[in-house]
Amino acid sequence: MSSEVETSLDSLACKEKSRDSSTSWNDKKTGRCRRRSEGDSFARGLLCIQITIMNSNKSPQDFPYKTYLNILHGPLEPIDVQKLAEVCTDKWHNQTLCKVNDSVVRLAVIQGEYHWHEHKDIDEFFFVLDGHFLIDLEDRVVDLAPRQGFVVPKGVRHRTRAPERTVILMVERADIVPTGD
């Protein structure tokens with residue numbers, strides 16, 4: 001199995017316009033709603049990593065992962081997770097919502113499976129909001145329903161799966177490489 005990684009720089013993208021026109025605008029070139037946070041330098045560039053895992057009998061479109069590492073909300077901003085999840089149309093979408101100390105909280109709207117990987121020095125916490133979420137470990141499968149969570153300790157090889165559209169929150173150190181080490 002080989003992997004292809006496409007990296008592109010973009011501005012902070014959001015799926016719906018903010019009510020406050022001073023912090024958002026509609027980009028006429030792309031037609032996307034864009035959001036700025038007051039004084040935040042991270043708004044200058046979003047690193048969007050689309051990772052495609054391929055094997056001989058599947059096309060790159062079969063496993064598209066979209067991971068947005070930009071921080072969507074700053075301190076003292078309400079975060080409407082339900083609205084963000086509702087507007088997501090990707091099969092595997094991962095968006096960093098906010099930073100809390102040295103960690104980030106990410107929203108994932110997923111269906112399908114991720115590749116096997118591990119994080120050598122970083123734990124990951126998964127919490128299911130909606131749907132059915134599976135975490136494959138080398139010796140067992142962890143089956144999570146809504147309002148259930150699980151920590152994958154650092155160094156543990158795992159693969160996440162969602163047999164149906166599933167919405168989860170993840171808490172992990174801000175410097176994690178989502179695809180593994």
# chains A, B, ... in the order shown; residues from 1 in each chain; ligands from 1
$ residues_around --residues "stretch 88-90 of chain A" --least-positions-apart "5" --cutoff "10 Å" --atoms "only C-alpha atoms" --output "list in words"
Lys15, Pro64, Tyr65, Lys66, Lys83, Ala108, Val109, Ile110, Gln111 and Arg165 of chain A
$ residues_around --residues "A:Asn101" --least-positions-apart "4" --cutoff "12 Å" --atoms "only C-alpha atoms" --output "list in words"
Gly74, Pro75, Val105, Val171, Glu172, Arg173, Ala174 and Asp175 of chain A
$ select_by_dssp --residues "stretch 86-133 of chain A" --states "strand (DSSP E or B)" --output "PyMOL selection string"
chain A and resi 92-100+103-113+117+124-130+133
$ residues_around --residues "stretch 128-135 of chain A" --least-positions-apart "3" --cutoff "6 Å" --atoms "only C-alpha atoms" --output "MDAnalysis selection string"
chainID A and resid 141:148 159:162 166:168
$ write_last_selection --atoms "N, CA and C atoms" --output "JSON list (two decimals), in the first residue's frame"
[["chain", "number", "residue", "atom", "x", "y", "z"],
["A", 141, "VAL", "N", -11.04, -5.06, 19.43],
["A", 141, "VAL", "CA", -11.76, -3.93, 18.85],
["A", 141, "VAL", "C", -12.54, -3.25, 19.96],
["A", 142, "VAL", "N", -12.39, -1.94, 20.06],
["A", 142, "VAL", "CA", -13.15, -1.14, 21.02],
["A", 142, "VAL", "C", -14.35, -0.56, 20.27],
["A", 143, "ASP", "N", -15.55, -0.83, 20.77],
["A", 143, "ASP", "CA", -16.80, -0.46, 20.12],
["A", 143, "ASP", "C", -17.45, 0.64, 20.96],
["A", 144, "LEU", "N", -17.56, 1.85, 20.39],
["A", 144, "LEU", "CA", -18.09, 2.99, 21.14],
["A", 144, "LEU", "C", -19.40, 3.49, 20.56],
["A", 145, "ALA", "N", -20.33, 3.81, 21.44],
["A", 145, "ALA", "CA", -21.62, 4.40, 21.10],
["A", 145, "ALA", "C", -21.61, 5.86, 21.54],
["A", 146, "PRO", "N", -22.65, 6.62, 21.21],
["A", 146, "PRO", "CA", -22.70, 8.02, 21.65],
["A", 146, "PRO", "C", -22.52, 8.16, 23.17],
["A", 147, "ARG", "N", -21.81, 9.20, 23.54],
["A", 147, "ARG", "CA", -21.49, 9.55, 24.93],
["A", 147, "ARG", "C", -20.50, 8.58, 25.57],
["A", 148, "GLN", "N", -19.73, 7.86, 24.74],
["A", 148, "GLN", "CA", -18.67, 7.01, 25.25],
["A", 148, "GLN", "C", -17.33, 7.50, 24.70],
["A", 159, "ARG", "N", -6.32, 1.64, 14.45],
["A", 159, "ARG", "CA", -7.03, 2.09, 13.25],
["A", 159, "ARG", "C", -8.44, 2.44, 13.70],
["A", 160, "THR", "N", -8.95, 3.58, 13.25],
["A", 160, "THR", "CA", -10.32, 3.97, 13.59],
["A", 160, "THR", "C", -11.23, 3.71, 12.40],
["A", 161, "ARG", "N", -12.48, 3.36, 12.74],
["A", 161, "ARG", "CA", -13.48, 3.07, 11.70],
["A", 161, "ARG", "C", -14.84, 3.57, 12.14],
["A", 162, "ALA", "N", -15.66, 3.91, 11.15],
["A", 162, "ALA", "CA", -17.04, 4.28, 11.41],
["A", 162, "ALA", "C", -17.90, 3.64, 10.32],
["A", 166, "THR", "N", -20.51, 9.25, 11.51],
["A", 166, "THR", "CA", -20.26, 9.35, 12.94],
["A", 166, "THR", "C", -19.59, 10.69, 13.25],
["A", 167, "VAL", "N", -19.98, 11.28, 14.36],
["A", 167, "VAL", "CA", -19.40, 12.55, 14.79],
["A", 167, "VAL", "C", -18.68, 12.32, 16.11],
["A", 168, "ILE", "N", -17.40, 12.68, 16.15],
["A", 168, "ILE", "CA", -16.61, 12.48, 17.36],
["A", 168, "ILE", "C", -15.83, 13.75, 17.70]]
$ closest_residue --among "A:Leu97, A:Ser103, A:Ile176, A:Pro163" --to "A:Leu84" --atoms "only C-alpha atoms"
A:Leu97
$ atom_distance --atom1 "atom CA of A:Val151" --atom2 "atom CA of A:Asp121"
13.6 Å
$ residues_around --residues "A:His119" --least-positions-apart "6" --cutoff "7 Å" --atoms "only C-alpha atoms" --output "compact mmCIF listing (two decimals) with C-alpha atoms, in the first residue's frame"
# COMPACT_ATOMS: atom_id res chain seq x y z
CA LYS A 154 1.05 6.64 23.08
CA GLY A 155 2.84 3.95 21.14
CA GLY A 180 0.87 8.84 12.80
CA ASP A 181 4.63 8.67 13.20
$ closest_residue --among "A:His73, A:Arg140, A:Lys120, A:His115" --to "A:Val100" --atoms "only C-alpha atoms"
A:His73
$ closest_residue --among "A:Leu137, A:Val104, A:Tyr114, A:Gln95" --to "A:Thr179" --atoms "only C-alpha atoms"
A:Tyr114
$ closest_residue --among "A:Ile71, A:Val177, A:Leu169, A:Val81" --to "A:Cys98" --atoms "only C-alpha atoms"
A:Ile71
$ closest_residue --among "A:Phe150, A:Glu113, A:Leu76, A:Lys91" --to "A:Phe127" --atoms "only C-alpha atoms"
A:Phe150
$ closest_residue --among "A:Val87, A:Pro178, A:Thr67, A:Ile79" --to "A:Glu124" --atoms "only C-alpha atoms"
A:Pro178
$ atom_distance --atom1 "atom CA of A:Asn94" --atom2 "atom CA of A:Met170"
9.4 Å
$ atom_distance --atom1 "atom CA of A:Gln82" --atom2 "atom CA of A:Gly112"
20.4 Å
